[in-house]
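Participant: Dropping a structure here in C-alpha cells format, bear with me for questions.
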Amino acid sequence: MKKNLKVLTAAAAAVMAAASLTACGGSSASATTAAETKAESTEAGAESSEAAKDEKKEDAKDAKADSADKKVLKVAMECAYAPYNWTQPDDSNGAVPIADSNEYAYGYDVMMAKKIADELGYDLQIVRLDWDSLIPAVQTGQVDCVIAGQSITKERQEAVDFTDPYYYASIVTLVKKGGKYENAASVADLAGATCTSQQSTIWYTVCLPQIKDANILSATASAPDMLMSLEADKCDIVVTDQPTGKGALVAYPDFKMLEFGGGDNDFQVSDEDINIGISLKKGNTELKDAINGVLATMNKDDYAKMMDEAIAVQPLAN
C-alpha cells in the first residue's frame, strides 16, 4: 500500500509539474507576442514621426527656395517728400522697411510701389537716397527704378527711360496767410516776390524765372526745407505741385495755396513737366512694359483717391 501510494503521489506530482510547465510555456509565448507587437508599433510610430519630420524639412526647403527664387524690386525715393514719400518709425498704415535702417517709408510712392510689386510678384525693397542721387542710382543699376514724384522732363529722358505717368500734378504757389501775396490771382501778381523751391525741379528751373523781377533764392535741398523757408519768412512764396501743396496745408495751417487755373495767367509748363513718371535704366523695356501694364489698370480718379489717402495719413497730419 505504501509503495502504491508513493507511485500515485509521484504520478500526481509529475502531472502537476507537466501542467505547470505547460502553463509557463503559454505565458512566455503571450509575452513574446505582446513585445513583438509593441516593438512593431513603436517602429511604425518612429517611421511616421521621421516621415513627418522629413516632410516638414522638405516644406521648409521648398519655402526657402521659393523665397530665394522670388525677384526683388528695388525702388529708390527720398523718403522725405510728403505726401509722395516720407520716413516714419513704424509700419503703421502699411509702411515698408527702408533698406539698411530701422525706419519705414510710406506715402503715395510707396503705395504705388507696393501695388506694382504685388501685381508683378516681386518682393519690395525701398532704398532711401538724396534727390540728386536718384537718377545716378538707376543708371548704375543700384536700384531697378525710381518712384519719387519725378516729372517726365526732356532733360531727364536723356538720362533714363520713363513709364507712363502714375500721377498728373498741376503747379501751385504757396504763400502765408496775411502776407503781401495772399490774394495773388496770376503769375503777374507775384512780381517782385522773394521766392525759392526745391533743387533740380521744374518748379525752380522753369517756374520761378517766369515771375517778373523775382528775387530767386538758392534752391533748397528738399521739399521740407522749401516749406520751412516759407514758414520761417525767408521768402514770400514757394512754387511746387498740387499734392505737395495740399500736404503742406495740413502741416502748416498758416499757409495758403494759390492756383491760377492753367491758362495764360498761370505758369507756362508742358504736359511733360507736370506728368509724374517712374524712371528706369535706359533699355530696360521688360520692366518698363510690366509696370505700364499695372498702370494701365488705373485711371486719374484712382490716382487722386490714392493721393488723398496718402495726404490723410502723412505724419504731420496726425
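Every chain in the C-alpha cells has a letter given in the order shown (A, B, ...), and although residue numbers restart at 1 in each chain, ligands are simply numbered from 1 in the order shown.
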Find the residues near Ile116 (chain A): any atom within 9 Å, counting only C-alpha atoms, skip ones fewer than 5 places away on the same chain, and give them as a VMD selection string.
Facilitator: chain A and resid 111 121 to 122 290 to 291 294 to 295
Participant: Since we have the selection now, will you write its residues out, keeping N, CA, C and O atoms, as a short mmCIF file (atom, residue, chain, number, x, y, z; two decimals), in the first residue's frame?
Facilitator:
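What ended up in result-v8.cif:
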data_model
loop_
_atom_site.label_atom_id
_atom_site.label_comp_id
_atom_site.auth_asym_id
_atom_site.auth_seq_id
_atom_site.Cartn_x
_atom_site.Cartn_y
_atom_site.Cartn_z
N MET A 111 2.83 103.42 -51.73
CA MET A 111 1.58 102.74 -52.05
C MET A 111 1.61 102.22 -53.50
O MET A 111 1.20 101.09 -53.77
N GLY A 121 4.50 90.16 -58.73
CA GLY A 121 5.04 89.03 -57.98
C GLY A 121 6.45 89.24 -57.45
O GLY A 121 7.23 88.29 -57.31
N TYR A 122 6.79 90.48 -57.15
CA TYR A 122 8.10 90.82 -56.62
C TYR A 122 8.03 91.05 -55.11
O TYR A 122 7.00 91.45 -54.58
N ALA A 290 6.19 95.96 -68.07
CA ALA A 290 5.47 95.30 -66.98
C ALA A 290 4.80 96.33 -66.08
O ALA A 290 3.63 96.18 -65.70
N ILE A 291 5.53 97.40 -65.74
CA ILE A 291 4.96 98.44 -64.90
C ILE A 291 3.83 99.17 -65.62
O ILE A 291 2.78 99.46 -65.03
N VAL A 294 0.61 97.44 -65.27
CA VAL A 294 -0.08 97.67 -64.00
C VAL A 294 -0.77 99.04 -64.01
O VAL A 294 -1.92 99.18 -63.61
N LEU A 295 -0.06 100.05 -64.50
CA LEU A 295 -0.62 101.41 -64.53
C LEU A 295 -1.83 101.49 -65.44
O LEU A 295 -2.74 102.30 -65.21
#
Participant: Report as JSON lines the residues of region 101-172 of chain A within 12 Å of region 252-258 of chain A, each with its shortest atom pair and distance in Å (one decimal), using only C-alpha atoms, ordered by chain and increasing residue number.
Facilitator:
{"residue": "A:Ser170", "atom": "CA", "partner": "A:Leu258", "partner_atom": "CA", "distance": 11.4}
{"residue": "A:Ile171", "atom": "CA", "partner": "A:Leu258", "partner_atom": "CA", "distance": 9.3}
{"residue": "A:Val172", "atom": "CA", "partner": "A:Leu258", "partner_atom": "CA", "distance": 5.8}
Participant: Using only C-alpha atoms, which of A:Lys154, A:Lys246, A:Lys74, A:Lys288 sits nearest Ala310 (chain A)?
Facilitator: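 Looking at the shortest contact to Ala310 (chain A), the residue is A:Lys246.
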Participant: Could you list, as a PDB file with N, CA and C atoms, in the first residue's frame, every residue within 9 Å of Pro89 (chain A), counting only C-alpha atoms and ignoring same-chain residues fewer than 2 positions away?
Facilitator:
ATOM      1  N   THR A  87       9.465 109.293 -44.195  1.00  0.00           N
ATOM      2  CA  THR A  87      10.021 108.329 -43.241  1.00  0.00           C
ATOM      3  C   THR A  87       9.193 108.351 -41.969  1.00  0.00           C
ATOM      4  N   ASP A  91       5.586 100.499 -38.856  1.00  0.00           N
ATOM      5  CA  ASP A  91       4.947 100.025 -40.081  1.00  0.00           C
ATOM      6  C   ASP A  91       3.457 100.356 -40.152  1.00  0.00           C
ATOM      7  N   SER A  92       3.027 101.353 -39.380  1.00  0.00           N
ATOM      8  CA  SER A  92       1.607 101.713 -39.397  1.00  0.00           C
ATOM      9  C   SER A  92       1.142 102.109 -40.795  1.00  0.00           C
ATOM     10  N   ASN A 102      16.421 101.194 -39.473  1.00  0.00           N
ATOM     11  CA  ASN A 102      15.374 100.719 -38.572  1.00  0.00           C
ATOM     12  C   ASN A 102      14.080 101.503 -38.784  1.00  0.00           C
ATOM     13  N   GLU A 103      13.998 102.229 -39.888  1.00  0.00           N
ATOM     14  CA  GLU A 103      12.850 103.072 -40.158  1.00  0.00           C
ATOM     15  C   GLU A 103      12.018 102.529 -41.319  1.00  0.00           C
ATOM     16  N   TYR A 104      10.871 103.170 -41.519  1.00  0.00           N
ATOM     17  CA  TYR A 104       9.931 102.714 -42.543  1.00  0.00           C
ATOM     18  C   TYR A 104       9.559 103.867 -43.471  1.00  0.00           C
ATOM     19  N   ALA A 105       9.170 103.512 -44.689  1.00  0.00           N
ATOM     20  CA  ALA A 105       8.752 104.505 -45.677  1.00  0.00           C
ATOM     21  C   ALA A 105       7.283 104.311 -46.021  1.00  0.00           C
TER      22      ALA A 105
END
Participant: Using only C-alpha atoms, which of the listed residues (A:Glu119, A:Lys176, A:Val138, A:Thr244) sits closest to Thr297 (chain A)?
Facilitator: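 So, comparing all the options, the nearest one is A:Glu119.
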Participant: Set the distance at 7 Å and use only C-alpha atoms: which residues neighbour region 263-277 of chain A once local chain neighbours fewer than 4 positions away are removed? I'd like the list as a CSV table (one decimal) with all heavy atoms, in the first residue's frame.
Facilitator:
chain,number,residue,atom,x,y,z
A,149,GLY,N,8.0,111.0,-57.4
A,149,GLY,CA,7.4,112.2,-57.8
A,149,GLY,C,8.2,113.0,-58.8
A,149,GLY,O,8.2,114.2,-58.9
A,150,GLN,N,8.9,112.3,-59.7
A,150,GLN,CA,9.7,112.9,-60.8
A,150,GLN,C,8.9,113.3,-62.0
A,150,GLN,O,8.1,112.5,-62.5
A,150,GLN,CB,10.8,111.9,-61.2
A,150,GLN,CG,11.9,111.7,-60.3
A,150,GLN,CD,12.9,110.7,-60.8
A,150,GLN,OE1,12.6,109.7,-61.5
A,150,GLN,NE2,14.2,110.9,-60.6
A,151,SER,N,9.0,114.5,-62.4
A,151,SER,CA,8.4,115.0,-63.6
A,151,SER,C,9.1,114.4,-64.8
A,151,SER,O,10.3,114.2,-64.8
A,151,SER,CB,8.4,116.5,-63.7
A,151,SER,OG,7.8,117.1,-62.7
A,152,ILE,N,8.4,114.1,-65.9
A,152,ILE,CA,9.0,113.4,-67.1
A,152,ILE,C,9.5,114.5,-68.0
A,152,ILE,O,8.9,114.9,-69.0
A,152,ILE,CB,8.0,112.5,-67.8
A,152,ILE,CG1,7.3,111.6,-66.8
A,152,ILE,CG2,8.6,111.8,-68.9
A,152,ILE,CD1,6.2,110.7,-67.4
A,153,THR,N,10.6,115.1,-67.6
A,153,THR,CA,11.2,116.2,-68.4
A,153,THR,C,12.1,115.7,-69.5
A,153,THR,O,12.6,114.5,-69.4
A,153,THR,CB,12.0,117.1,-67.5
A,153,THR,OG1,13.1,116.4,-67.0
A,153,THR,CG2,11.2,117.7,-66.4
A,162,PHE,N,11.3,106.5,-68.9
A,162,PHE,CA,10.2,106.7,-68.0
A,162,PHE,C,9.0,105.8,-68.4
A,162,PHE,O,8.8,105.5,-69.6
A,162,PHE,CB,9.7,108.1,-68.0
A,162,PHE,CG,10.5,109.0,-67.1
A,162,PHE,CD1,11.6,109.7,-67.6
A,162,PHE,CD2,10.1,109.1,-65.8
A,162,PHE,CE1,12.3,110.6,-66.7
A,162,PHE,CE2,10.8,110.0,-64.9
A,162,PHE,CZ,11.9,110.7,-65.4
A,163,THR,N,8.2,105.4,-67.4
A,163,THR,CA,7.0,104.7,-67.7
A,163,THR,C,5.9,105.7,-68.1
A,163,THR,O,6.2,106.9,-68.1
A,163,THR,CB,6.5,104.0,-66.4
A,163,THR,OG1,6.2,105.0,-65.4
A,163,THR,CG2,7.5,103.0,-65.9
A,164,ASP,N,4.7,105.3,-68.3
A,164,ASP,CA,3.6,106.2,-68.5
A,164,ASP,C,3.4,106.9,-67.1
A,164,ASP,O,3.9,106.4,-66.1
A,164,ASP,CB,2.3,105.4,-68.8
A,164,ASP,CG,2.4,104.7,-70.2
A,164,ASP,OD1,3.2,105.2,-71.0
A,164,ASP,OD2,1.7,103.7,-70.4
A,165,PRO,N,2.8,108.1,-67.1
A,165,PRO,CA,2.6,108.8,-65.9
A,165,PRO,C,1.8,108.0,-64.8
A,165,PRO,O,0.9,107.2,-65.2
A,165,PRO,CB,1.7,110.0,-66.3
A,165,PRO,CG,2.1,110.2,-67.8
A,165,PRO,CD,2.2,108.8,-68.3
A,166,TYR,N,2.2,108.1,-63.6
A,166,TYR,CA,1.5,107.5,-62.5
A,166,TYR,C,0.8,108.6,-61.6
A,166,TYR,O,0.2,108.3,-60.6
A,166,TYR,CB,2.3,106.5,-61.7
A,166,TYR,CG,3.3,107.2,-60.7
A,166,TYR,CD1,3.1,107.3,-59.4
A,166,TYR,CD2,4.5,107.7,-61.2
A,166,TYR,CE1,4.0,107.9,-58.5
A,166,TYR,CE2,5.4,108.3,-60.4
A,166,TYR,CZ,5.2,108.4,-59.0
A,166,TYR,OH,6.1,109.0,-58.2
A,167,TYR,N,0.9,109.8,-62.1
A,167,TYR,CA,0.2,110.9,-61.5
A,167,TYR,C,0.3,112.1,-62.4
A,167,TYR,O,1.3,112.2,-63.1
A,167,TYR,CB,0.8,111.3,-60.1
A,167,TYR,CG,-0.2,112.1,-59.3
A,167,TYR,CD1,-1.3,111.6,-58.7
A,167,TYR,CD2,0.1,113.5,-59.1
A,167,TYR,CE1,-2.2,112.4,-58.0
A,167,TYR,CE2,-0.8,114.3,-58.5
A,167,TYR,CZ,-2.0,113.8,-57.9
A,167,TYR,OH,-2.9,114.6,-57.2
A,168,TYR,N,-0.7,113.0,-62.3
A,168,TYR,CA,-0.6,114.3,-63.1
A,168,TYR,C,-0.7,115.4,-62.1
A,168,TYR,O,-1.7,115.6,-61.4
A,168,TYR,CB,-1.8,114.3,-64.0
A,168,TYR,CG,-1.8,113.1,-65.0
A,168,TYR,CD1,-2.4,111.9,-64.6
A,168,TYR,CD2,-1.2,113.2,-66.2
A,168,TYR,CE1,-2.4,110.8,-65.5
A,168,TYR,CE2,-1.2,112.1,-67.1
A,168,TYR,CZ,-1.8,110.9,-66.7
A,168,TYR,OH,-1.8,109.8,-67.6
A,169,ALA,N,0.4,116.2,-62.0
A,169,ALA,CA,0.5,117.2,-60.9
A,169,ALA,C,0.5,118.6,-61.5
A,169,ALA,O,1.4,119.0,-62.2
A,169,ALA,CB,1.7,117.0,-60.1
A,170,SER,N,-0.5,119.4,-61.2
A,170,SER,CA,-0.5,120.8,-61.6
A,170,SER,C,0.3,121.6,-60.7
A,170,SER,O,0.6,121.2,-59.6
A,170,SER,CB,-2.0,121.3,-61.6
A,170,SER,OG,-2.6,121.2,-60.4
A,186,SER,N,-2.7,135.6,-60.3
A,186,SER,CA,-1.9,135.3,-61.5
A,186,SER,C,-0.4,135.3,-61.2
A,186,SER,O,0.0,135.8,-60.2
A,186,SER,CB,-2.3,136.2,-62.7
A,186,SER,OG,-1.8,137.5,-62.4
A,187,VAL,N,0.3,134.8,-62.1
A,187,VAL,CA,1.8,134.8,-62.0
A,187,VAL,C,2.2,136.3,-62.0
A,187,VAL,O,3.2,136.7,-61.3
A,187,VAL,CB,2.5,134.1,-63.1
A,187,VAL,CG1,4.0,134.3,-63.1
A,187,VAL,CG2,2.2,132.6,-63.0
A,202,ILE,N,11.3,121.4,-61.9
A,202,ILE,CA,10.8,122.4,-62.8
A,202,ILE,C,10.3,123.6,-62.1
A,202,ILE,O,10.2,124.7,-62.6
A,202,ILE,CB,9.7,121.8,-63.7
A,202,ILE,CG1,8.5,121.4,-62.9
A,202,ILE,CG2,10.2,120.7,-64.6
A,202,ILE,CD1,7.2,121.3,-63.7
A,207,CYS,N,9.6,127.5,-63.5
A,207,CYS,CA,8.5,128.4,-63.0
A,207,CYS,C,9.0,129.7,-62.4
A,207,CYS,O,8.5,130.8,-62.7
A,207,CYS,CB,7.7,127.6,-62.0
A,207,CYS,SG,6.8,126.2,-62.7
Participant: Could you pull the residues within 7 Å of region 132-134 of chain A, counting only C-alpha atoms, minus those fewer than 4 positions along the same chain, as a list in words?
Facilitator: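 Returned residues: Ala76, Met77, Val138 and Val146 of chain A.
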Participant: Give me a file of those residues, with C-alpha atoms, as a PDB file, in the first residue's frame.
Facilitator:
ATOM      1  CA  ALA A  76      14.576 104.428 -54.740  1.00  0.00           C
ATOM      2  CA  MET A  77      12.995 107.557 -53.262  1.00  0.00           C
ATOM      3  CA  VAL A 138      19.094 103.951 -61.762  1.00  0.00           C
ATOM      4  CA  VAL A 146      12.776 105.453 -59.013  1.00  0.00           C
TER       5      VAL A 146
END
Participant: Please determine, counting only C-alpha atoms, which residue among A:Ser101, A:Asn183, A:Ser200, A:Thr194 has the shortest atom-to-atom distance to Lys212 (chain A).
Facilitator: A:Thr194
Participant: Would you mind writing down, as a ChimeraX atom specification, each residue of region 54-278 of chain A that DSSP on the backbone assigns to helix (DSSP H, G or I)?
Facilitator: /A:54-69,92-94,108-120,131-139,154-157,187-190,202-210,223-231,242-251,271-274
Participant: Go through A:Tyr303, A:Asp233, A:Ile126, A:Ile211 and flag the residue nearest Asp144 (chain A), using only C-alpha atoms for the distances.
Facilitator: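 Going through A:Tyr303, A:Asp233, A:Ile126, A:Ile211 one by one, the smallest distance to Asp144 (chain A) is for A:Ile126.
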Participant: Nearest residue to Tyr81 (chain A) out of A:Ala184, A:Ala214, A:Met226, A:Ala312, using only C-alpha atoms?
Facilitator: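 Closest to Tyr81 (chain A) of all the choices is A:Met226.
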Participant: Measuring atom to atom with only C-alpha atoms, identify which of A:Gly107, A:Gly245, A:Gly178, A:Pro315 is nearest to Gly94 (chain A).
Facilitator: A:Gly107
Participant: Suppose you want the space between CA of Glu309 (chain A) and CA of Ile147 (chain A); what is it in Å?
Facilitator: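 Distance between the two atoms: 17.3 Å.
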Participant: Between CA of Leu227 (chain A) and CA of Arg128 (chain A), what distance in Å does the model show, to one decimal?
Facilitator: 20.6 Å
Participant: Please, what distance in Å, to one decimal, runs between CA of Cys235 (chain A) and CA of Leu249 (chain A)?
Facilitator: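 Computing the Euclidean distance for CA of Cys235 (chain A) and CA of Leu249 (chain A) yields 16.9 Å.
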Participant: List the neighbours of Lys281 (chain A) out to 12 Å using only C-alpha atoms; skip same-chain residues closer than 2 positions along the sequence, and give me the result as a PyMOL selection string.
Facilitator: chain A and resi 134-146+156-163+278-279+283-288
